[in-house]
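What follows is the content of entry-v7.csv, which has CSV, C-alpha atoms and all ligand atoms:
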chain,number,residue,atom,x,y,z
K,1,MET,CA,-327.4,119.6,-25.0
K,2,THR,CA,-328.1,123.2,-24.0
K,3,ASP,CA,-325.9,126.0,-25.2
K,4,PRO,CA,-323.3,127.2,-22.7
K,5,PRO,CA,-324.2,130.5,-21.0
K,6,ASP,CA,-322.6,133.7,-22.1
K,7,LEU,CA,-319.5,134.0,-19.9
K,8,GLY,CA,-318.8,137.6,-19.9
K,9,LYS,CA,-321.1,139.6,-22.0
K,10,GLY,CA,-322.8,141.3,-19.1
K,11,ALA,CA,-325.6,142.9,-21.1
K,12,ASN,CA,-326.8,139.4,-22.1
K,13,LEU,CA,-327.0,138.0,-18.6
K,14,SER,CA,-330.3,137.8,-16.7
K,15,LYS,CA,-331.5,140.5,-14.3
K,16,GLY,CA,-329.3,140.7,-11.2
K,17,ALA,CA,-326.1,139.8,-13.0
K,18,THR,CA,-323.2,142.0,-11.7
K,19,VAL,CA,-320.8,141.4,-14.6
K,20,PRO,CA,-319.6,144.9,-15.8
K,21,PRO,CA,-321.6,146.5,-18.6
K,22,LYS,CA,-321.0,145.2,-22.0
K,23,ARG,CA,-317.7,146.0,-23.6
K,24,GLU,CA,-316.4,144.3,-26.7
K,25,PRO,CA,-314.5,141.1,-26.0
K,26,ILE,CA,-310.9,141.2,-27.1
K,27,ILE,CA,-310.5,137.5,-26.4
K,28,GLU,CA,-313.1,134.8,-26.5
K,29,VAL,CA,-312.4,131.2,-25.6
K,30,LYS,CA,-314.9,128.7,-26.7
K,31,ASP,CA,-315.1,125.1,-25.5
K,32,LEU,CA,-311.3,125.0,-25.3
K,33,LYS,CA,-309.7,121.6,-24.7
K,34,LYS,CA,-306.2,120.3,-24.2
K,35,HIS,CA,-305.8,116.6,-23.7
K,36,PHE,CA,-302.3,115.2,-23.3
K,37,PRO,CA,-302.1,111.6,-24.5
K,38,ILE,CA,-300.8,109.0,-22.1
K,39,LYS,CA,-298.8,106.4,-24.0
K,40,LYS,CA,-297.4,103.0,-23.2
K,41,GLY,CA,-294.6,101.1,-24.8
K,42,ILE,CA,-291.2,102.3,-26.0
K,43,ILE,CA,-290.9,101.3,-29.7
K,44,LEU,CA,-294.5,101.0,-30.7
K,45,ALA,CA,-296.0,103.4,-28.2
K,46,ARG,CA,-299.8,103.4,-28.1
K,47,GLN,CA,-302.2,105.8,-26.5
K,48,VAL,CA,-303.9,104.3,-23.5
K,49,GLY,CA,-305.6,107.4,-22.2
K,50,ALA,CA,-305.4,111.2,-21.9
K,51,VAL,CA,-304.8,113.8,-19.2
K,52,ARG,CA,-307.7,116.2,-19.7
K,53,ALA,CA,-305.9,119.2,-18.5
K,54,VAL,CA,-308.4,121.7,-20.0
K,55,ASP,CA,-311.7,120.1,-20.8
K,56,GLY,CA,-314.2,122.5,-22.3
K,57,VAL,CA,-313.4,126.0,-21.0
K,58,SER,CA,-315.3,129.0,-22.3
K,59,PHE,CA,-315.1,132.7,-21.2
K,60,ASP,CA,-314.3,136.0,-22.7
K,61,VAL,CA,-312.3,139.0,-21.7
K,62,ALA,CA,-313.2,142.6,-22.6
K,63,ALA,CA,-310.7,145.1,-23.7
K,64,GLY,CA,-309.1,146.8,-20.6
K,65,GLU,CA,-310.5,144.2,-18.3
K,66,THR,CA,-308.5,142.0,-15.8
K,67,LEU,CA,-309.8,138.5,-15.6
K,68,GLY,CA,-308.4,136.3,-12.9
K,69,ILE,CA,-308.3,132.5,-13.3
K,70,VAL,CA,-307.9,130.7,-10.0
K,71,GLY,CA,-307.7,127.2,-8.8
K,72,GLU,CA,-305.4,124.6,-7.1
K,73,SER,CA,-302.4,123.0,-8.8
K,74,GLY,CA,-303.5,120.8,-11.7
K,75,CYS,CA,-306.8,122.6,-12.3
K,76,GLY,CA,-305.7,123.6,-15.8
K,77,LYS,CA,-305.3,127.3,-15.3
K,78,SER,CA,-301.7,127.6,-16.5
K,79,THR,CA,-302.4,125.3,-19.4
K,80,THR,CA,-305.3,127.6,-20.4
K,81,ALA,CA,-302.9,130.5,-20.2
K,82,ARG,CA,-300.4,128.7,-22.5
K,83,LEU,CA,-303.2,127.8,-24.9
K,84,ILE,CA,-304.3,131.4,-25.2
K,85,MET,CA,-300.7,132.4,-25.9
K,86,ARG,CA,-300.5,129.5,-28.4
K,87,LEU,CA,-297.4,128.2,-26.6
K,88,LEU,CA,-299.5,124.9,-26.7
K,89,ASP,CA,-301.7,123.7,-29.4
K,90,PRO,CA,-305.3,123.1,-28.3
K,91,THR,CA,-306.9,119.7,-28.8
K,92,SER,CA,-310.1,121.4,-29.9
K,93,GLY,CA,-312.0,124.6,-29.4
K,94,GLN,CA,-311.7,128.2,-30.4
K,95,ILE,CA,-309.6,131.2,-29.2
K,96,LEU,CA,-310.9,134.3,-30.9
K,97,TYR,CA,-308.7,137.3,-30.8
K,98,GLN,CA,-310.6,140.4,-32.0
K,99,GLY,CA,-312.9,137.9,-33.7
K,100,GLN,CA,-310.2,135.9,-35.5
K,101,ASP,CA,-309.8,132.3,-34.5
K,102,ILE,CA,-306.1,131.9,-33.6
K,103,ALA,CA,-306.4,128.3,-32.3
K,104,THR,CA,-305.4,126.8,-35.6
K,105,LEU,CA,-303.0,129.5,-37.0
K,106,SER,CA,-299.4,128.3,-37.9
K,107,ARG,CA,-296.4,129.7,-36.1
K,108,LYS,CA,-295.7,132.0,-39.1
K,109,GLU,CA,-299.3,133.3,-39.1
K,110,LEU,CA,-299.1,133.9,-35.4
K,111,LYS,CA,-295.9,136.0,-35.5
K,112,PRO,CA,-297.5,139.4,-36.1
K,113,LEU,CA,-300.1,138.6,-33.4
K,114,ARG,CA,-297.3,137.9,-30.8
K,115,ARG,CA,-296.7,141.6,-30.6
K,116,ASP,CA,-300.2,142.1,-29.2
K,117,MET,CA,-300.0,139.2,-26.7
K,118,GLN,CA,-297.2,138.9,-24.2
K,119,MET,CA,-296.7,136.7,-21.1
K,120,ILE,CA,-295.2,137.2,-17.7
K,121,PHE,CA,-293.9,134.0,-16.2
K,122,GLN,CA,-294.2,132.7,-12.7
K,123,ASP,CA,-290.5,132.3,-11.9
K,124,PRO,CA,-288.4,135.4,-12.5
K,125,TYR,CA,-285.3,133.4,-11.7
K,126,SER,CA,-285.5,130.9,-14.5
K,127,SER,CA,-287.3,133.0,-17.1
K,128,LEU,CA,-284.3,135.3,-17.6
K,129,ASN,CA,-281.1,134.3,-19.3
K,130,PRO,CA,-278.5,134.6,-16.6
K,131,ARG,CA,-275.7,135.4,-19.1
K,132,LYS,CA,-277.5,138.3,-20.8
K,133,THR,CA,-277.6,141.9,-19.4
K,134,VAL,CA,-280.9,143.3,-18.4
K,135,GLY,CA,-280.6,145.8,-21.3
K,136,SER,CA,-280.3,143.0,-23.9
K,137,ILE,CA,-283.1,140.9,-22.2
K,138,ILE,CA,-285.5,143.8,-22.5
K,139,SER,CA,-284.3,144.7,-26.0
K,140,GLU,CA,-285.2,141.2,-27.3
K,141,PRO,CA,-288.8,142.0,-28.4
K,142,PHE,CA,-287.6,145.0,-30.4
K,143,ILE,CA,-285.0,142.8,-32.2
K,144,ILE,CA,-287.2,139.8,-32.7
K,145,HIS,CA,-290.0,141.9,-34.2
K,146,GLY,CA,-287.6,144.3,-35.9
K,147,THR,CA,-289.4,147.3,-34.5
K,148,GLU,CA,-286.3,149.3,-33.6
K,149,THR,CA,-283.1,148.6,-35.4
K,150,ASP,CA,-281.1,151.6,-34.3
K,151,GLU,CA,-279.1,150.6,-31.3
K,152,ASP,CA,-279.0,153.9,-29.5
K,153,LYS,CA,-282.7,154.5,-29.9
K,154,ARG,CA,-283.3,150.9,-28.7
K,155,LYS,CA,-281.2,151.6,-25.6
K,156,LYS,CA,-283.2,154.7,-24.9
K,157,LEU,CA,-286.5,152.8,-25.2
K,158,VAL,CA,-285.2,150.1,-22.9
K,159,GLN,CA,-284.1,152.6,-20.3
K,160,GLU,CA,-287.5,154.3,-20.4
K,161,LEU,CA,-289.1,150.9,-19.9
K,162,MET,CA,-286.8,150.3,-16.9
K,163,ASP,CA,-287.8,153.6,-15.4
K,164,GLN,CA,-291.5,152.8,-16.1
K,165,VAL,CA,-291.4,149.5,-14.1
K,166,GLY,CA,-289.4,151.0,-11.2
K,167,LEU,CA,-285.8,149.8,-12.2
K,168,ASN,CA,-282.8,152.1,-12.2
K,169,PRO,CA,-282.0,152.8,-15.9
K,170,GLU,CA,-278.3,153.0,-15.0
K,171,HIS,CA,-278.4,149.3,-14.3
K,172,TYR,CA,-278.8,148.6,-18.0
K,173,ASN,CA,-275.6,146.5,-18.1
K,174,ARG,CA,-276.1,144.5,-15.0
K,175,LEU,CA,-276.8,140.7,-15.1
K,176,PRO,CA,-280.0,139.2,-13.6
K,177,HIS,CA,-278.3,137.7,-10.6
K,178,GLU,CA,-277.5,141.3,-9.4
K,179,PHE,CA,-281.2,141.9,-8.9
K,180,SER,CA,-283.6,140.8,-6.2
K,181,GLY,CA,-286.6,138.6,-6.9
K,182,GLY,CA,-289.0,141.5,-7.1
K,183,GLN,CA,-286.6,143.4,-9.4
K,184,ARG,CA,-286.2,140.4,-11.7
K,185,GLN,CA,-290.0,140.2,-12.0
K,186,ARG,CA,-289.9,143.9,-13.0
K,187,ILE,CA,-287.5,143.0,-15.7
K,188,GLY,CA,-290.0,140.3,-16.9
K,189,VAL,CA,-292.7,143.0,-16.8
K,190,ALA,CA,-290.6,145.5,-18.8
K,191,ARG,CA,-289.9,142.8,-21.5
K,192,ALA,CA,-293.6,142.0,-21.6
K,193,ILE,CA,-294.8,145.5,-22.2
K,194,ALA,CA,-291.9,146.6,-24.5
K,195,LEU,CA,-294.0,146.3,-27.7
K,196,LYS,CA,-297.1,147.9,-26.1
K,197,PRO,CA,-299.2,144.7,-26.3
K,198,LYS,CA,-302.9,144.7,-26.0
K,199,ILE,CA,-303.0,141.6,-23.8
K,200,VAL,CA,-300.7,140.4,-21.0
K,201,VAL,CA,-301.1,136.9,-19.7
K,202,ALA,CA,-299.5,136.8,-16.2
K,203,ASP,CA,-299.0,133.2,-15.0
K,204,GLU,CA,-298.8,133.4,-11.2
K,205,PRO,CA,-296.5,136.4,-11.4
K,206,VAL,CA,-296.1,136.9,-7.7
K,207,SER,CA,-296.2,133.3,-6.3
K,208,ALA,CA,-292.4,132.9,-6.2
K,209,LEU,CA,-292.0,136.2,-4.4
K,210,ASP,CA,-291.9,137.1,-0.7
K,211,VAL,CA,-295.3,138.4,0.5
K,212,SER,CA,-293.8,141.8,1.2
K,213,ILE,CA,-292.8,142.1,-2.5
K,214,GLN,CA,-296.0,140.7,-3.9
K,215,ALA,CA,-298.0,143.8,-3.3
K,216,GLN,CA,-295.4,146.0,-5.1
K,217,ILE,CA,-295.6,143.9,-8.2
K,218,LEU,CA,-299.4,143.7,-8.1
K,219,ASN,CA,-299.5,147.5,-7.7
K,220,LEU,CA,-297.1,147.9,-10.7
K,221,LEU,CA,-299.4,145.7,-12.9
K,222,ARG,CA,-302.4,147.6,-11.9
K,223,ASP,CA,-300.7,151.0,-12.6
K,224,LEU,CA,-299.5,149.7,-16.0
K,225,GLN,CA,-303.0,148.3,-16.8
K,226,ARG,CA,-304.5,151.8,-16.1
K,227,ASP,CA,-301.8,153.7,-17.9
K,228,LEU,CA,-301.5,151.5,-21.0
K,229,GLY,CA,-305.1,150.3,-21.2
K,230,LEU,CA,-303.9,146.7,-21.0
K,231,THR,CA,-306.1,143.7,-20.9
K,232,ILE,CA,-304.8,141.2,-18.3
K,233,ILE,CA,-305.4,137.5,-17.8
K,234,PHE,CA,-304.1,136.9,-14.3
K,235,ILE,CA,-303.5,133.3,-13.2
K,236,ALA,CA,-303.3,132.6,-9.5
K,237,HIS,CA,-303.8,129.7,-7.1
K,238,ASP,CA,-304.8,132.0,-4.2
K,239,LEU,CA,-308.0,134.0,-4.1
K,240,SER,CA,-306.5,136.5,-1.7
K,241,VAL,CA,-304.0,137.6,-4.4
K,242,VAL,CA,-306.5,138.4,-7.1
K,243,ARG,CA,-309.1,140.2,-5.1
K,244,HIS,CA,-308.0,143.7,-5.7
K,245,MET,CA,-306.4,143.0,-9.0
K,246,CYS,CA,-309.3,141.6,-11.1
K,247,ASP,CA,-312.6,142.8,-12.4
K,248,ARG,CA,-313.9,139.3,-12.9
K,249,ILE,CA,-312.7,135.9,-11.6
K,250,ALA,CA,-313.1,132.4,-13.1
K,251,VAL,CA,-312.6,129.5,-10.7
K,252,MET,CA,-311.3,126.3,-12.3
K,253,TYR,CA,-311.5,122.8,-10.9
K,254,LEU,CA,-310.1,119.7,-12.8
K,255,GLY,CA,-310.0,121.3,-16.2
K,256,LYS,CA,-313.3,123.1,-16.0
K,257,VAL,CA,-314.6,126.5,-15.0
K,258,VAL,CA,-317.0,126.0,-12.1
K,259,GLU,CA,-317.8,129.6,-11.3
K,260,LEU,CA,-317.3,133.0,-13.0
K,261,ALA,CA,-318.4,136.3,-11.4
K,262,SER,CA,-317.3,139.8,-10.8
K,263,ALA,CA,-314.7,140.0,-8.1
K,264,ASP,CA,-317.1,141.8,-5.7
K,265,GLU,CA,-319.8,139.2,-6.3
K,266,LEU,CA,-317.5,136.2,-6.0
K,267,TYR,CA,-316.1,137.4,-2.6
K,268,ALA,CA,-319.5,138.5,-1.2
K,269,ARG,CA,-321.6,135.6,-2.5
K,270,PRO,CA,-319.7,132.6,-3.8
K,271,ARG,CA,-322.2,130.1,-5.2
K,272,HIS,CA,-320.1,127.1,-6.0
K,273,PRO,CA,-319.0,125.0,-2.9
K,274,TYR,CA,-315.5,124.8,-4.2
K,275,THR,CA,-315.2,128.6,-4.4
K,276,GLY,CA,-316.7,128.8,-0.9
K,277,ALA,CA,-313.9,126.4,0.3
K,278,LEU,CA,-311.2,128.4,-1.4
K,279,LEU,CA,-312.6,131.6,0.2
K,280,SER,CA,-312.8,130.1,3.6
K,281,ALA,CA,-309.1,129.5,3.5
K,282,VAL,CA,-308.3,133.2,2.8
K,283,PRO,CA,-306.9,134.8,5.9
K,284,VAL,CA,-309.0,137.4,7.6
K,285,PRO,CA,-307.0,140.2,9.3
K,286,ASP,CA,-309.7,141.0,11.9
K,287,PRO,CA,-309.2,138.4,14.8
K,288,VAL,CA,-312.9,138.6,15.8
K,289,LEU,CA,-314.1,137.8,12.3
K,290,ALA,CA,-311.4,135.2,11.9
K,291,ALA,CA,-312.6,133.4,15.1
K,292,ALA,CA,-316.2,133.5,13.8
K,293,LYS,CA,-315.2,132.0,10.5
K,294,LYS,CA,-315.9,128.3,9.9
K,295,ARG,CA,-313.1,127.0,7.8
K,296,GLN,CA,-314.3,124.6,5.1
K,297,ILE,CA,-311.6,121.9,4.9
K,298,LEU,CA,-311.9,119.9,1.7
K,299,GLY,CA,-311.7,116.1,2.1
K,300,GLY,CA,-309.6,113.8,-0.1
K,301,ASP,CA,-307.0,114.6,-2.7
K,302,VAL,CA,-307.6,116.3,-6.0
K,303,PRO,CA,-308.6,113.4,-8.4
K,304,SER,CA,-306.4,112.7,-11.4
K,305,PRO,CA,-307.4,114.7,-14.6
K,306,ALA,CA,-306.6,111.4,-16.4
K,307,ASN,CA,-309.6,109.8,-14.7
K,308,PRO,CA,-311.9,112.6,-13.5
K,309,PRO,CA,-315.0,111.8,-11.4
K,310,SER,CA,-318.3,111.4,-13.3
K,311,ALA,CA,-320.8,114.2,-13.8
K,312,CYS,CA,-319.8,117.0,-11.3
K,313,ARG,CA,-316.0,116.5,-11.0
K,314,PHE,CA,-316.1,118.0,-7.5
K,315,HIS,CA,-318.6,115.5,-6.1
K,316,THR,CA,-315.9,113.3,-4.5
K,317,ARG,CA,-314.9,116.3,-2.2
K,318,CYS,CA,-318.0,118.4,-2.0
K,319,PRO,CA,-319.6,118.8,1.4
K,320,LYS,CA,-323.0,119.4,-0.4
K,321,ALA,CA,-322.8,116.5,-2.8
K,322,VAL,CA,-326.1,114.5,-3.2
K,323,MET,CA,-325.3,111.1,-4.7
K,324,GLY,CA,-327.7,110.0,-7.4
K,325,THR,CA,-327.7,113.6,-8.7
K,326,CYS,CA,-324.2,115.1,-8.5
K,327,ASP,CA,-322.4,112.0,-9.7
K,328,VAL,CA,-324.9,111.3,-12.5
K,329,ASP,CA,-326.0,114.6,-13.9
K,330,GLU,CA,-323.2,117.0,-14.9
K,331,PRO,CA,-324.2,120.6,-13.8
K,332,GLN,CA,-323.9,123.2,-16.5
K,333,LEU,CA,-322.7,126.8,-16.0
K,334,GLU,CA,-325.8,129.0,-15.4
K,335,VAL,CA,-326.6,132.2,-13.7
K,336,LYS,CA,-327.4,131.8,-10.0
K,337,ASP,CA,-329.1,134.0,-7.5
K,338,GLY,CA,-326.9,137.1,-7.1
K,339,GLY,CA,-325.5,137.0,-10.6
K,340,SER,CA,-322.6,134.6,-10.4
K,341,ILE,CA,-322.4,132.0,-13.1
K,342,ALA,CA,-321.8,128.6,-11.5
K,343,ALA,CA,-321.9,124.9,-12.4
K,344,CYS,CA,-323.7,123.4,-9.3
K,345,HIS,CA,-327.0,121.6,-8.7
K,346,PHE,CA,-327.1,122.8,-5.0
K,347,PRO,CA,-325.3,126.2,-4.9
K,348,LEU,CA,-324.3,127.8,-1.6
K,349,THR,CA,-327.0,129.8,0.2
K,350,ASP,CA,-326.3,133.2,1.8
K,351,ARG,CA,-326.5,131.6,5.2
K,352,GLU,CA,-323.9,129.0,4.3
K,353,VAL,CA,-321.7,131.7,2.8
K,354,GLY,CA,-322.0,133.8,6.0
K,355,ALA,CA,-320.8,131.0,8.2
K,356,GLN,CA,-317.7,130.4,6.1
K,357,VAL,CA,-316.9,134.0,5.1
K,358,PRO,CA,-318.3,136.3,7.9
K,359,THR,CA,-317.4,139.4,6.0
K,360,ALA,CA,-319.4,138.4,3.0
K,361,ALA,CA,-323.1,137.6,2.6
K,362,ALA,CA,-324.0,137.4,6.3
H,1,LIG,FE1,-321.3,119.8,-5.0
H,1,LIG,FE2,-323.3,118.7,-6.3
H,1,LIG,FE3,-322.7,121.3,-6.6
H,1,LIG,FE4,-321.1,119.4,-7.6
H,1,LIG,S1,-323.2,119.8,-8.2
H,1,LIG,S2,-320.5,121.3,-6.5
H,1,LIG,S3,-321.2,117.9,-6.0
H,1,LIG,S4,-323.5,120.3,-4.7
Please, can you express the file's structure as structure tokens?
Amino acid sequence: MTDPPDLGKGANLSKGATVPPKREPIIEVKDLKKHFPIKKGIILARQVGAVRAVDGVSFDVAAGETLGIVGESGCGKSTTARLIMRLLDPTSGQILYQGQDIATLSRKELKPLRRDMQMIFQDPYSSLNPRKTVGSIISEPFIIHGTETDEDKRKKLVQELMDQVGLNPEHYNRLPHEFSGGQRQRIGVARAIALKPKIVVADEPVSALDVSIQAQILNLLRDLQRDLGLTIIFIAHDLSVVRHMCDRIAVMYLGKVVELASADELYARPRHPYTGALLSAVPVPDPVLAAAKKRQILGGDVPSPANPPSACRFHTRCPKAVMGTCDVDEPQLEVKDGGSIAACHFPLTDREVGAQVPTAAA
């Protein structure tokens, strides 16, 4: 078996690669797997299979970089996020944080690292305790980690955080239900950045919000990333959301990364047919270009991760599939023409991309 390609160390990629110049990775994920057992029987339950939610994912993220992880529901992106945060235990693989493998650390050993890695959750409604005031919610990290024991100083820090994320510090004693959806997500952001983490994992942080509010939260995250030098792993199911947010984007399908490229390269020259289909669904504001665009509708349902298709998992839905090859020989991630890293035997050509995404390679 060949070694997997380098999935982020730009200096090591072949000529033409557009991944940003080499910076030290702060997070490296190597062959990460999470298989959830399927059991039958009540008293003597026995394992009869496994849902391969994440099945051999590798990438790295440089300090200060924003990596987007994109794919449909059930592709494994949120499970990957929870594995990196160690909210789930991996089945196998490595998660290197500043060179240290944290995949097998105990809860106690992880505690000091939790300060460096924080998460923003998808649903600002359910991720906040409705009975706690905003002040006490944002204070929690200081109390849990014992970093500020003086109550007055803690209140001052919390009010500074509220101001930093665009909340009125005078609303310190209000309850979550007194805030709008966007404001509640700002509360989640303030709690996440309270301890000045190095990494923030944002799991679909705007998908529960109105479109008009989404841009405000994305702008906030971008500003915070710039001001605090944050590294962000941004999970989304929609390529239109991550375009202006991310430096690089990994596209996942059925537990695997199928393409990884700089955001510019991915939008201009997607190489994997699945990425092409996702991009063809992104709305184009210009009506002339929209009319010229050929939407790639994917056939069939997403197969079950408990029983994924053989070889290329996308072959049951791929318009370019060649039976005898795609269903027999699993494509490996490798650098394609233009610099994207994609797992496909028959990657999209510029002509095909131009038909689907007229603003791109045509
Ligand atoms: Fe489609 Fe074959 Fe490429 Fe898989 S390997 S994405 S089935 S062309």
Check your understanding: Which protein, DNA or RNA residues have an atom within 10 Å of ligand LIG 1 (chain H), counting all atoms listed in the file, as a PyMOL selection string?
Key -> chain K and resi 258-259+271-275+311-332+342-348
Review point. How many Å separate CA of Gln216 in chain K from CA of Arg115 in chain K?
Key: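 So the answer is 25.9 Å.
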Practice item. Record the distance separating CA of Val242 in chain K and CA of Gly56 in chain K, expressed in Å with one decimal. Key: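 Calculated distance between CA of Val242 in chain K and CA of Gly56 in chain K is 23.3 Å.
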Practice item. Find the residues near range 132-141 of chain K: any atom within 7 Å, counting all atoms listed in the file, skip ones fewer than 3 places away on the same chain, and give them as an MDAnalysis selection string. Key: chainID K and resid 129 144:145 154 158 172:176 190:191 194:195
Review point. What does the distance from CA of Lys77 in chain K to CA of Ile235 in chain K come to in Å, to one decimal?
Key: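 Going from CA of Lys77 in chain K over to CA of Ile235 in chain K, I get 6.6 Å.
Among K:Leu67, K:Ile43, K:Pro124, K:Asp301, the residue with the shortest atom-to-atom distance to Ala208 in chain K, counting only C-alpha atoms, is K:Pro124.
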Practice item. Give the answer as one residue: which of K:Pro270, K:Gly339, K:Gly68, K:Pro25 has the shortest atom-to-atom distance to Phe234 in chain K, using only C-alpha atoms? Key: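 Of K:Pro270, K:Gly339, K:Gly68, K:Pro25, the one nearest Phe234 in chain K is K:Gly68, counting only C-alpha atoms.
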Exercise for review: Name the residues within 9 Å of (-288.7, 142.7, -4.9), counting only C-alpha atoms in the file's coordinates, and put them as an MDAnalysis selection string.
Suggested key: chainID K and resid 179:186 209:210 212:214 216:217
**Study point:** Top pick for closest residue to Asp60 in chain K, considering K:Glu151, K:Lys108, K:Arg82, K:Ile233 and counting only C-alpha atoms
**Key:** K:Ile233
Review point. Between K:Ile102, K:Leu279, K:Ala62, K:Ala268, which is the closest to Val251 in chain K once you count only C-alpha atoms?
Key: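 For Val251 in chain K, the nearest of the given residues is K:Leu279.
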Review point. Of the residues K:Met85, K:Ile193, K:Ile249, K:Leu228, which is the one nearest to Ala103 in chain K, using all atoms listed in the file?
Key: K:Met85
